[in-house]
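With compact mmCIF, C-alpha atoms and all ligand atoms inside, this is query39.txt:
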```txt
# COMPACT_ATOMS: atom_id res chain seq x y z
CA MET A 1 -16.51 32.64 -9.65
CA SER A 2 -15.02 31.13 -12.74
CA SER A 3 -16.21 27.77 -14.02
CA ASN A 4 -13.18 27.02 -16.07
CA PRO A 5 -9.68 27.65 -14.79
CA SER A 6 -8.00 28.41 -18.06
CA LEU A 7 -4.39 29.50 -18.26
CA SER A 8 -5.61 33.10 -17.95
CA GLU A 9 -6.62 32.31 -14.35
CA ASN A 10 -3.67 34.16 -12.90
CA SER A 11 -4.86 35.70 -9.66
CA PRO A 12 -4.76 33.84 -6.31
CA HIS A 13 -7.68 31.47 -5.83
CA LEU A 14 -8.95 28.27 -4.29
CA LEU A 15 -9.61 25.52 -6.79
CA VAL A 16 -12.68 23.31 -6.31
CA LEU A 17 -12.53 20.06 -8.25
CA GLY A 18 -15.92 18.38 -8.68
CA MET A 19 -16.12 14.59 -8.82
CA GLY A 20 -19.85 14.17 -8.10
CA GLY A 21 -21.42 12.19 -5.24
CA THR A 22 -24.38 12.83 -2.99
CA ILE A 23 -23.18 16.37 -2.39
CA ALA A 24 -24.19 16.88 -6.04
CA GLY A 25 -27.22 14.60 -5.77
CA LEU A 26 -30.91 15.31 -6.36
CA ALA A 27 -33.89 13.51 -4.87
CA PRO A 28 -37.17 13.47 -6.85
CA ASN A 29 -39.17 13.68 -3.59
CA PRO A 30 -36.78 15.24 -1.12
CA GLU A 31 -39.40 15.91 1.56
CA GLU A 32 -40.82 12.37 1.66
CA ASN A 33 -37.77 10.31 0.78
CA PRO A 34 -34.44 12.18 0.84
CA LEU A 35 -32.45 8.93 0.80
CA GLN A 36 -33.82 7.89 -2.60
CA TYR A 37 -31.87 10.03 -5.04
CA GLN A 38 -29.41 10.16 -7.92
CA ALA A 39 -25.85 11.15 -7.06
CA GLY A 40 -23.84 13.42 -9.37
CA GLN A 41 -26.61 15.59 -10.84
CA VAL A 42 -25.62 19.16 -9.90
CA GLY A 43 -22.58 20.88 -11.38
CA VAL A 44 -19.74 21.91 -9.10
CA ASP A 45 -20.25 25.52 -10.28
CA ALA A 46 -23.71 25.51 -8.74
CA LEU A 47 -22.44 23.94 -5.49
CA VAL A 48 -19.80 26.64 -5.20
CA ALA A 49 -22.18 29.44 -6.17
CA HIS A 50 -24.50 28.35 -3.35
CA VAL A 51 -21.87 28.96 -0.65
CA GLN A 52 -19.84 31.72 -2.32
CA SER A 53 -21.32 34.59 -0.30
CA MET A 54 -20.55 32.78 2.98
CA VAL A 55 -16.86 32.23 2.29
CA PRO A 56 -14.79 34.40 4.62
CA GLU A 57 -12.62 37.17 3.20
CA ARG A 58 -14.35 36.77 -0.15
CA VAL A 59 -11.59 34.53 -1.37
CA LYS A 60 -11.73 33.92 -5.11
CA LEU A 61 -13.08 30.49 -6.04
CA VAL A 62 -12.51 28.64 -9.28
CA SER A 63 -14.33 25.40 -9.99
CA ARG A 64 -13.59 22.62 -12.41
CA GLN A 65 -15.78 19.60 -13.10
CA LEU A 66 -13.61 16.50 -13.49
CA ALA A 67 -16.46 13.99 -13.26
CA ASN A 68 -20.02 13.90 -11.95
CA ILE A 69 -20.49 10.31 -10.86
CA ASN A 70 -21.84 8.17 -8.09
CA SER A 71 -18.51 7.34 -6.49
CA ARG A 72 -19.33 3.64 -6.30
CA ASN A 73 -18.55 3.81 -10.04
CA LEU A 74 -15.12 5.37 -9.51
CA THR A 75 -12.54 3.98 -11.95
CA ASP A 76 -8.76 3.89 -12.14
CA ALA A 77 -9.03 6.44 -14.95
CA HIS A 78 -10.90 8.86 -12.67
CA LEU A 79 -8.11 8.58 -10.11
CA THR A 80 -5.45 9.23 -12.72
CA MET A 81 -7.34 12.31 -13.93
CA LEU A 82 -7.83 13.62 -10.40
CA GLY A 83 -4.24 12.96 -9.36
CA LEU A 84 -2.86 14.79 -12.39
CA ALA A 85 -5.21 17.74 -11.81
CA VAL A 86 -4.20 17.97 -8.15
CA LYS A 87 -0.50 17.79 -9.02
CA GLU A 88 -0.87 20.51 -11.61
CA ALA A 89 -2.72 22.72 -9.12
CA LEU A 90 -0.12 22.12 -6.42
CA LEU A 91 2.56 23.38 -8.79
CA ASP A 92 0.50 26.41 -9.85
CA ALA A 93 1.49 29.41 -7.73
CA THR A 94 -1.91 31.06 -8.19
CA VAL A 95 -3.73 28.11 -6.56
CA LYS A 96 -3.71 28.62 -2.79
CA GLY A 97 -5.60 25.49 -1.81
CA ILE A 98 -7.72 22.75 -3.33
CA VAL A 99 -11.11 21.30 -2.40
CA VAL A 100 -12.37 18.07 -3.92
CA THR A 101 -16.12 17.36 -3.78
CA HIS A 102 -16.53 13.59 -3.88
CA GLY A 103 -18.99 10.78 -3.19
CA THR A 104 -18.50 9.25 0.22
CA ASP A 105 -18.77 5.60 -0.89
CA THR A 106 -15.19 5.50 -2.18
CA ILE A 107 -13.77 8.70 -0.67
CA GLU A 108 -11.40 6.54 1.40
CA GLU A 109 -9.81 5.14 -1.74
CA THR A 110 -9.32 8.60 -3.17
CA GLY A 111 -7.95 9.90 0.14
CA LEU A 112 -5.29 7.19 0.29
CA PHE A 113 -4.49 7.63 -3.41
CA LEU A 114 -3.92 11.39 -3.05
CA GLN A 115 -1.78 11.00 0.06
CA VAL A 116 0.47 8.44 -1.60
CA THR A 117 0.81 10.27 -4.93
CA CYS A 118 0.60 13.96 -3.89
CA GLY A 119 1.09 14.08 -0.10
CA LYS A 120 4.74 15.07 -0.15
CA LEU A 121 4.19 17.67 -2.84
CA ALA A 122 1.29 19.20 -0.87
CA GLN A 123 3.53 19.40 2.17
CA THR A 124 6.47 21.01 0.37
CA GLN A 125 4.15 23.44 -1.46
CA SER A 126 2.41 24.24 1.88
CA LYS A 127 -1.02 23.72 0.36
CA ARG A 128 -3.98 21.88 1.77
CA ILE A 129 -6.15 19.58 -0.30
CA ILE A 130 -9.49 18.98 1.39
CA LEU A 131 -11.85 16.20 0.38
CA THR A 132 -15.49 16.59 1.26
CA GLY A 133 -18.88 15.18 0.39
CA ALA A 134 -22.33 14.78 1.86
CA MET A 135 -24.68 12.11 3.11
CA LEU A 136 -27.85 13.92 2.01
CA PRO A 137 -28.58 15.03 -1.55
CA SER A 138 -28.36 18.73 -2.33
CA ASN A 139 -32.13 19.35 -2.30
CA ALA A 140 -32.89 17.40 0.91
CA PRO A 141 -34.14 19.32 3.95
CA GLY A 142 -31.08 19.95 6.14
CA ALA A 143 -28.65 18.96 3.36
CA ASP A 144 -25.16 18.69 4.82
CA GLY A 145 -23.29 19.47 1.59
CA PRO A 146 -23.21 23.29 1.84
CA SER A 147 -21.78 23.37 5.37
CA ASN A 148 -19.24 20.66 4.50
CA LEU A 149 -18.15 22.57 1.41
CA LEU A 150 -17.91 25.80 3.37
CA ASP A 151 -15.79 24.11 6.05
CA ALA A 152 -13.58 22.59 3.34
CA LEU A 153 -13.06 25.98 1.70
CA CYS A 154 -12.07 27.50 5.05
CA TRP A 155 -9.61 24.67 5.68
CA ALA A 156 -8.13 24.91 2.23
CA SER A 157 -7.59 28.66 2.52
CA THR A 158 -4.19 29.73 3.70
CA SER A 159 -5.53 31.57 6.73
CA ILE A 160 -5.25 28.54 9.07
CA ASP A 161 -1.53 28.80 9.60
CA ASN A 162 -1.00 26.16 12.27
CA CYS A 163 -2.00 23.24 10.05
CA PRO A 164 0.61 22.12 7.50
CA GLY A 165 0.06 21.48 3.83
CA GLY A 166 -1.26 17.98 3.17
CA ILE A 167 -4.26 15.86 2.22
CA TYR A 168 -7.24 16.17 4.57
CA ALA A 169 -10.97 15.54 4.65
CA VAL A 170 -13.87 17.38 6.25
CA MET A 171 -17.37 16.10 7.13
CA ASP A 172 -19.91 17.12 9.72
CA GLY A 173 -17.76 19.81 11.33
CA ARG A 174 -14.66 17.68 11.76
CA GLY A 175 -11.43 17.26 9.85
CA CYS A 176 -9.07 14.29 9.57
CA MET A 177 -6.11 13.22 7.48
CA ALA A 178 -7.48 11.74 4.27
CA ILE A 179 -5.55 8.50 4.88
CA ASP A 180 -7.75 7.91 7.94
CA LEU A 181 -11.07 7.98 6.08
CA ALA A 182 -13.12 4.78 6.28
CA LYS A 183 -16.84 4.75 5.59
CA ARG A 184 -18.20 2.64 8.43
CA HIS A 185 -21.79 3.75 8.54
CA ALA A 186 -24.42 3.65 5.81
CA THR A 187 -26.24 6.87 6.70
CA ALA A 188 -24.62 8.87 9.55
CA LEU A 189 -23.59 12.40 8.59
CA ASN A 190 -20.03 11.70 9.70
CA ALA A 191 -19.95 8.24 8.06
CA PRO A 192 -16.48 8.44 6.45
CA LEU A 193 -14.91 9.86 9.64
CA GLN A 194 -16.57 7.58 12.19
CA ASP A 195 -13.34 6.29 13.72
CA ALA A 196 -10.84 8.70 12.18
CA PRO A 197 -8.61 10.61 14.57
CA SER A 198 -9.93 14.10 13.90
CA SER A 199 -10.26 17.63 15.12
CA SER A 200 -13.05 20.20 14.98
CA VAL A 201 -12.74 22.33 11.88
CA GLY A 202 -10.74 25.44 12.75
CA LEU A 203 -9.70 24.11 16.17
CA ILE A 204 -6.65 21.96 15.66
CA ASN A 205 -5.79 20.18 18.88
CA PRO A 206 -2.10 19.64 19.68
CA SER A 207 -2.18 15.84 19.76
CA TRP A 208 -3.76 15.72 16.33
CA LEU A 209 -1.23 18.21 14.97
CA SER A 210 1.72 16.21 16.31
CA GLY A 211 0.22 13.09 14.70
CA ILE A 212 -0.04 14.88 11.34
CA LYS A 213 3.58 15.95 11.65
CA ALA A 214 4.69 12.39 12.44
CA VAL A 215 2.91 11.06 9.34
CA GLN A 216 4.38 13.80 7.20
CA ALA A 217 7.89 13.25 8.56
CA ALA A 218 7.58 9.57 7.62
CA TRP A 219 6.22 10.21 4.12
CA ASN A 220 9.39 11.04 2.19
CA GLU A 221 8.53 10.53 -1.43
CA ASP A 222 5.32 10.42 -3.46
CA LEU A 223 4.74 7.35 -5.62
CA PRO A 224 4.02 7.79 -9.34
CA ILE A 225 0.44 8.19 -10.59
CA PRO A 226 -0.30 5.24 -12.88
CA GLN A 227 -1.32 6.27 -16.36
CA GLU A 228 -4.77 5.27 -17.52
CA GLY A 229 -4.52 1.62 -18.58
CA GLU A 230 -1.39 1.08 -16.48
CA TRP A 231 -3.16 0.33 -13.17
CA PRO A 232 -2.41 -3.17 -11.87
CA TRP A 233 -5.48 -5.42 -11.53
CA VAL A 234 -6.06 -6.09 -7.83
CA GLU A 235 -9.15 -7.72 -6.31
CA ILE A 236 -10.51 -7.82 -2.75
CA LEU A 237 -11.59 -11.31 -1.61
CA THR A 238 -13.45 -11.80 1.66
CA SER A 239 -12.91 -14.91 3.81
CA HIS A 240 -16.05 -16.25 5.48
CA ALA A 241 -17.65 -19.34 6.93
CA GLY A 242 -17.93 -21.92 4.19
CA ALA A 243 -15.25 -20.30 1.98
CA ARG A 244 -14.32 -22.47 -1.04
CA PRO A 245 -10.98 -23.00 -2.77
CA GLU A 246 -12.67 -22.07 -6.07
CA THR A 247 -12.88 -18.44 -4.92
CA ILE A 248 -9.10 -18.39 -5.45
CA THR A 249 -8.54 -21.05 -8.11
CA ARG A 250 -10.98 -19.43 -10.56
CA TRP A 251 -8.65 -16.42 -10.76
CA LEU A 252 -5.52 -18.38 -11.52
CA GLY A 253 -5.95 -18.37 -15.27
CA SER A 254 -6.66 -14.62 -15.33
CA ALA A 255 -4.36 -11.61 -15.58
CA VAL A 256 -5.03 -10.55 -11.97
CA GLN A 257 -1.87 -9.21 -10.31
CA GLY A 258 -2.82 -9.01 -6.67
CA PHE A 259 -5.31 -10.03 -4.00
CA VAL A 260 -6.26 -8.15 -0.88
CA LEU A 261 -7.68 -10.72 1.49
CA ALA A 262 -10.28 -9.29 3.85
CA GLY A 263 -9.77 -11.97 6.47
CA SER A 264 -11.77 -12.71 9.58
CA GLY A 265 -10.66 -11.51 13.01
CA GLN A 266 -6.99 -10.59 12.95
CA GLY A 267 -6.86 -11.10 9.20
CA GLY A 268 -6.67 -14.88 9.04
CA PHE A 269 -8.37 -16.74 6.22
CA HIS A 270 -10.14 -20.07 5.74
CA ASP A 271 -7.93 -23.19 5.56
CA ALA A 272 -9.59 -23.96 2.21
CA TRP A 273 -7.63 -21.05 0.75
CA VAL A 274 -4.15 -22.05 1.95
CA LYS A 275 -3.15 -24.26 -0.99
CA PRO A 276 -4.69 -22.16 -3.77
CA LEU A 277 -3.11 -19.02 -2.33
CA ASP A 278 0.30 -20.74 -2.30
CA GLN A 279 -0.33 -21.53 -5.95
CA ALA A 280 -1.33 -17.91 -6.63
CA MET A 281 1.87 -16.62 -5.06
CA THR A 282 3.95 -19.13 -7.03
CA GLN A 283 2.37 -17.61 -10.14
CA GLY A 284 3.53 -14.16 -9.00
CA ILE A 285 0.22 -12.81 -7.68
CA ALA A 286 0.85 -10.32 -4.87
CA LEU A 287 -0.87 -10.97 -1.57
CA VAL A 288 -1.93 -8.55 1.18
CA ARG A 289 -3.91 -9.55 4.26
CA THR A 290 -6.30 -7.26 6.10
CA THR A 291 -9.28 -7.71 8.42
CA ARG A 292 -12.94 -7.66 7.48
CA THR A 293 -13.85 -6.50 11.01
CA GLY A 294 -13.64 -2.81 10.07
CA ALA A 295 -11.24 -1.75 12.81
CA GLY A 296 -7.88 -2.55 14.30
CA ALA A 297 -4.51 -3.33 12.78
CA THR A 298 -3.56 -6.47 10.81
CA LEU A 299 -0.03 -7.43 11.85
CA GLN A 300 2.65 -9.45 10.09
CA ASN A 301 2.79 -13.10 11.26
CA ILE A 302 -0.35 -12.67 13.41
CA PRO A 303 -2.37 -14.88 13.92
CA GLU A 304 -0.09 -17.30 11.99
CA VAL A 305 3.29 -17.00 10.32
CA ASP A 306 2.77 -15.44 6.88
CA ALA A 307 3.81 -17.16 3.69
CA LEU A 308 6.98 -15.61 2.27
CA GLY A 309 6.12 -12.40 0.42
CA CYS A 310 2.62 -11.95 1.87
CA ARG A 311 2.21 -8.54 3.56
CA ALA A 312 -0.09 -7.55 6.40
CA SER A 313 -2.02 -4.31 5.84
CA GLY A 314 -1.36 -2.58 9.16
CA LEU A 315 -4.18 -0.07 9.66
CA LEU A 316 -5.23 -0.04 6.03
CA THR A 317 -8.81 -1.13 5.42
CA ALA A 318 -9.41 -3.45 2.47
CA PRO A 319 -10.33 -0.61 0.03
CA ARG A 320 -7.28 1.41 1.08
CA ALA A 321 -5.01 -1.65 1.02
CA ARG A 322 -6.17 -2.33 -2.52
CA ILE A 323 -5.16 1.15 -3.74
CA ALA A 324 -1.90 0.89 -1.79
CA LEU A 325 -1.10 -2.45 -3.45
CA GLN A 326 -1.90 -1.08 -6.91
CA LEU A 327 0.39 1.91 -6.37
CA ALA A 328 3.12 -0.29 -4.86
CA LEU A 329 3.00 -2.75 -7.78
CA ASN A 330 3.16 0.13 -10.25
CA ALA A 331 6.06 1.79 -8.43
CA ALA A 332 7.96 -1.51 -8.27
CA LYS A 333 7.49 -2.06 -11.99
CA ARG A 334 9.06 1.31 -12.68
CA ALA A 335 11.77 0.75 -10.05
CA ASN A 336 12.69 -2.56 -11.66
CA LYS A 337 14.34 -0.55 -14.38
CA ALA A 338 16.61 1.09 -11.78
CA ALA A 339 20.02 -0.24 -10.78
CA LYS A 340 18.89 -1.35 -7.30
CA PRO A 341 15.23 -2.24 -7.70
CA LEU A 342 12.75 -2.03 -4.83
CA THR A 343 9.98 -4.61 -4.53
CA TRP A 344 6.24 -3.97 -4.22
CA GLN A 345 6.60 -5.05 -0.59
CA ASP A 346 9.12 -2.21 -0.03
CA PHE A 347 6.69 0.37 -1.42
CA PHE A 348 3.68 -1.17 0.32
CA ALA A 349 5.50 -1.10 3.67
CA ARG A 350 6.10 2.65 3.32
CA ILE A 351 2.33 3.15 3.16
CA ALA A 352 1.18 0.51 5.65
CA ASP A 353 3.79 1.46 8.25
CA LEU A 354 2.87 5.16 8.44
CA PRO A 355 2.54 6.17 12.10
CA GLU A 356 -0.86 5.89 13.69
CA ILE A 357 -2.44 9.13 14.92
CA ARG A 358 -4.13 8.66 18.29
N1 LIG B 401 -23.32 6.82 -3.46
C1 LIG B 401 -22.86 8.16 -3.13
C2 LIG B 401 -21.50 8.35 -3.75
O1 LIG B 401 -20.56 7.83 -3.22
C3 LIG B 401 -22.81 8.32 -1.68
C4 LIG B 401 -22.32 9.65 -1.20
O2 LIG B 401 -21.80 10.49 -1.90
O3 LIG B 401 -22.47 9.86 0.02
O4 LIG B 401 -21.37 8.99 -4.76
```

Would you kindly transcribe this structure into structure tokens?
Amino acid sequence: MSSNPSLSENSPHLLVLGMGGTIAGLAPNPEENPLQYQAGQVGVDALVAHVQSMVPERVKLVSRQLANINSRNLTDAHLTMLGLAVKEALLDATVKGIVVTHGTDTIEETGLFLQVTCGKLAQTQSKRIILTGAMLPSNAPGADGPSNLLDALCWASTSIDNCPGGIYAVMDGRGCMAIDLAKRHATALNAPLQDAPSSSVGLINPSWLSGIKAVQAAWNEDLPIPQEGEWPWVEILTSHAGARPETITRWLGSAVQGFVLAGSGQGGFHDAWVKPLDQAMTQGIALVRTTRTGAGATLQNIPEVDALGCRASGLLTAPRARIALQLALNAAKRANKAAKPLTWQDFFARIADLPEIR
């Protein structure tokens, strides 16, 4: 194993990019209290070394530590760094597949980000990028990290030839497309995949495969990775009983560029927000509606007719819709320099309207 993929790394290998998370976590008293721990303590080298001997065909592994954080602290700059590293690896002929070890708290944001910025490239390069993490720290009894990492390495290797290149995730013995990740359980070992259409690792069922192909056929062009400092400022605001207009009006003097509204039910929001949101849109703040329920699609003009320019999120959860809106705003800003500019709504629709795998 090599800890540092320098330019001299010129033989075929799998690249493991370490971002931190519980998979790299340590608990002070793992026997008594495995859920009280610090994420991002163990280096990705050590995680890889632990499973190295179990990797089939003794495939060469190269690891690279990009960050070692609790993923609830993920920043735009981390995403830029990860996206650029993944792109570089996809274009490197010696890299046969990529695994990303990541905290599960925000793995759904990273999954959506990589699909939208690197999904097409992964497909055309026929390489798989597999996100994985763990729900138990590395020194807990029955830690799930090693088996998840092993599964991810198997998926990323080129030996599974009936699954196309793309962005996937693996947890608890199952794989899904990374765009379908949504952490909907605080502690379950399959928390980020709870409702994701998925398949057992190594056993790709035909309906799942046809769904993957439909998504990939619809995803024609990756969007640009924003440079550090270039990410649009987008906030998630949750509608609830007793919501106040001030929740919106307090933002109006700020430089915020977009809101994702986590609405109740079908994605509707409190009447107290109607006027201030009209004002926000008049000021040029982008608006996306989603549902706070955690499942189901948010549809345009349901439950009421949408204000002009407001977009429904489709199947995107609030965290995913937020990344999608940031990338759409950034793409539109760049496209505005083109002869026939596309709007953020055009770019957002490409993401939100991806076919559903069921
Ligand atoms: N808080 C941890 C993180 O996201 C949780 C995990 O990895 O499961 O980094």

Region 260-264 of chain A environment, 8 Å, all atoms listed in the file, sequence neighbours closer than 2 positions dropped, as a PyMOL selection string: chain A and resi 234-240+258+266-269+287-293+318+321-322

Gap from CA of Asn10 (chain A) to CA of Ala46 (chain A) - Å, one decimal: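 Those two atoms sit 22.2 Å apart.
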
Which neighbours of Asn330 (chain A) fall inside 8 Å, counting only C-alpha atoms, when residues of the same chain fewer than 4 positions from it are skipped, and could you give them as a ChimeraX atom specification? /A:224,226,230-232,326,334,344

Using all atoms listed in the file, which protein or nucleic acid residues come within 10 Å of Ala152 (chain A)? Drop anything in the same chain fewer than 4 positions from it, and give the result as a list of chain:residue names.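 With the cut-off at 10 Å, the set is A:Val16, A:Gly97, A:Ile98, A:Val99, A:Val100, A:Thr101, A:Arg128, A:Ile129, A:Ile130, A:Leu131, A:Thr132, A:Gly133, A:Pro146, A:Ser147, A:Asn148, A:Ala156, A:Ser157, A:Tyr168, A:Ala169, A:Val170, A:Met171, A:Gly173, A:Arg174, A:Gly175, A:Val201.
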
Could you tell me how far CA of His13 (chain A) sits from CA of Leu90 (chain A), in Å to one decimal place?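 Spanning CA of Leu90 (chain A) to CA of His13 (chain A) is a straight-line distance of 12.0 Å.
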
Go through A:Gln227, A:Asn190, A:Gln283, A:Thr249 and flag the residue nearest ligand LIG 401 (chain B), using only C-alpha atoms and all ligand atoms for the distances.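 Looking only at the distances to ligand LIG 401 (chain B), the closest residue turns out to be A:Asn190.
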
So which one's closest to ligand LIG 401 (chain B), A:Ala140, A:Leu15, A:Val48, A:Ala24? Using all atoms listed in the file, please.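 Of the candidates, the smallest distance to ligand LIG 401 (chain B) is held by A:Ala24.
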
Taking all atoms of ligand LIG 401 (chain B) that the file lists, what box with edges along x, y and z, padded by 3 Å per side, do you get, with centre and edge lengths in Å to one decimal, as AutoDock Vina command-line options?
```
--center_x -21.9 --center_y 8.7 --center_z -2.4 --size_x 8.8 --size_y 9.7 --size_z 10.8
```

Please give me, as a PyMOL selection string, the residues lying within 12 Å of ligand LIG 401 (chain B) when counting only C-alpha atoms and all ligand atoms. chain A and resi 18-26+35-41+67-74+101-110+131-138+143-145+171+183-192

Which residues, written as a short mmCIF file (atom, residue, chain, number, x, y, z; two decimals) with C-alpha atoms, in the frame of the given file, have at least one atom at most 12 Å from Arg250 (chain A), with all atoms listed in the file counted and residues fewer than 3 positions away on the same chain left out?
```cif
data_model
loop_
_atom_site.label_atom_id
_atom_site.label_comp_id
_atom_site.auth_asym_id
_atom_site.auth_seq_id
_atom_site.Cartn_x
_atom_site.Cartn_y
_atom_site.Cartn_z
CA ARG A 244 -14.32 -22.47 -1.04
CA PRO A 245 -10.98 -23.00 -2.77
CA GLU A 246 -12.67 -22.07 -6.07
CA THR A 247 -12.88 -18.44 -4.92
CA GLY A 253 -5.95 -18.37 -15.27
CA SER A 254 -6.66 -14.62 -15.33
CA ALA A 255 -4.36 -11.61 -15.58
CA VAL A 256 -5.03 -10.55 -11.97
CA TRP A 273 -7.63 -21.05 0.75
CA PRO A 276 -4.69 -22.16 -3.77
CA LEU A 277 -3.11 -19.02 -2.33
CA GLN A 279 -0.33 -21.53 -5.95
CA ALA A 280 -1.33 -17.91 -6.63
#
```

Given all atoms listed in the file as the basis, pick out the residue of A:Asp271, A:Asp45, A:Glu32, A:Asp353 nearest to Leu315 (chain A).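 When distances to Leu315 (chain A) are compared using all atoms listed in the file, the smallest one comes from A:Asp353.
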
For CA of Glu9 (chain A) and CA of Thr94 (chain A), the interatomic separation in Å (one decimal): 7.9 Å

As a short mmCIF file (atom, residue, chain, number, x, y, z; two decimals) with C-alpha atoms, in the frame of the given file, please: the residues near region 205-220 of chain A (cut-off 10 Å, all atoms listed in the file, same-chain neighbours under 2 positions excluded).
```cif
data_model
loop_
_atom_site.label_atom_id
_atom_site.label_comp_id
_atom_site.auth_asym_id
_atom_site.auth_seq_id
_atom_site.Cartn_x
_atom_site.Cartn_y
_atom_site.Cartn_z
CA GLN A 115 -1.78 11.00 0.06
CA VAL A 116 0.47 8.44 -1.60
CA GLY A 119 1.09 14.08 -0.10
CA LYS A 120 4.74 15.07 -0.15
CA LEU A 121 4.19 17.67 -2.84
CA GLN A 123 3.53 19.40 2.17
CA ASN A 162 -1.00 26.16 12.27
CA CYS A 163 -2.00 23.24 10.05
CA PRO A 164 0.61 22.12 7.50
CA GLY A 165 0.06 21.48 3.83
CA GLY A 166 -1.26 17.98 3.17
CA TYR A 168 -7.24 16.17 4.57
CA CYS A 176 -9.07 14.29 9.57
CA MET A 177 -6.11 13.22 7.48
CA ILE A 179 -5.55 8.50 4.88
CA PRO A 197 -8.61 10.61 14.57
CA SER A 198 -9.93 14.10 13.90
CA SER A 199 -10.26 17.63 15.12
CA SER A 200 -13.05 20.20 14.98
CA GLY A 202 -10.74 25.44 12.75
CA LEU A 203 -9.70 24.11 16.17
CA ASP A 222 5.32 10.42 -3.46
CA LEU A 223 4.74 7.35 -5.62
CA ARG A 350 6.10 2.65 3.32
CA ILE A 351 2.33 3.15 3.16
CA ASP A 353 3.79 1.46 8.25
CA LEU A 354 2.87 5.16 8.44
CA PRO A 355 2.54 6.17 12.10
CA GLU A 356 -0.86 5.89 13.69
CA ILE A 357 -2.44 9.13 14.92
CA ARG A 358 -4.13 8.66 18.29
#
```
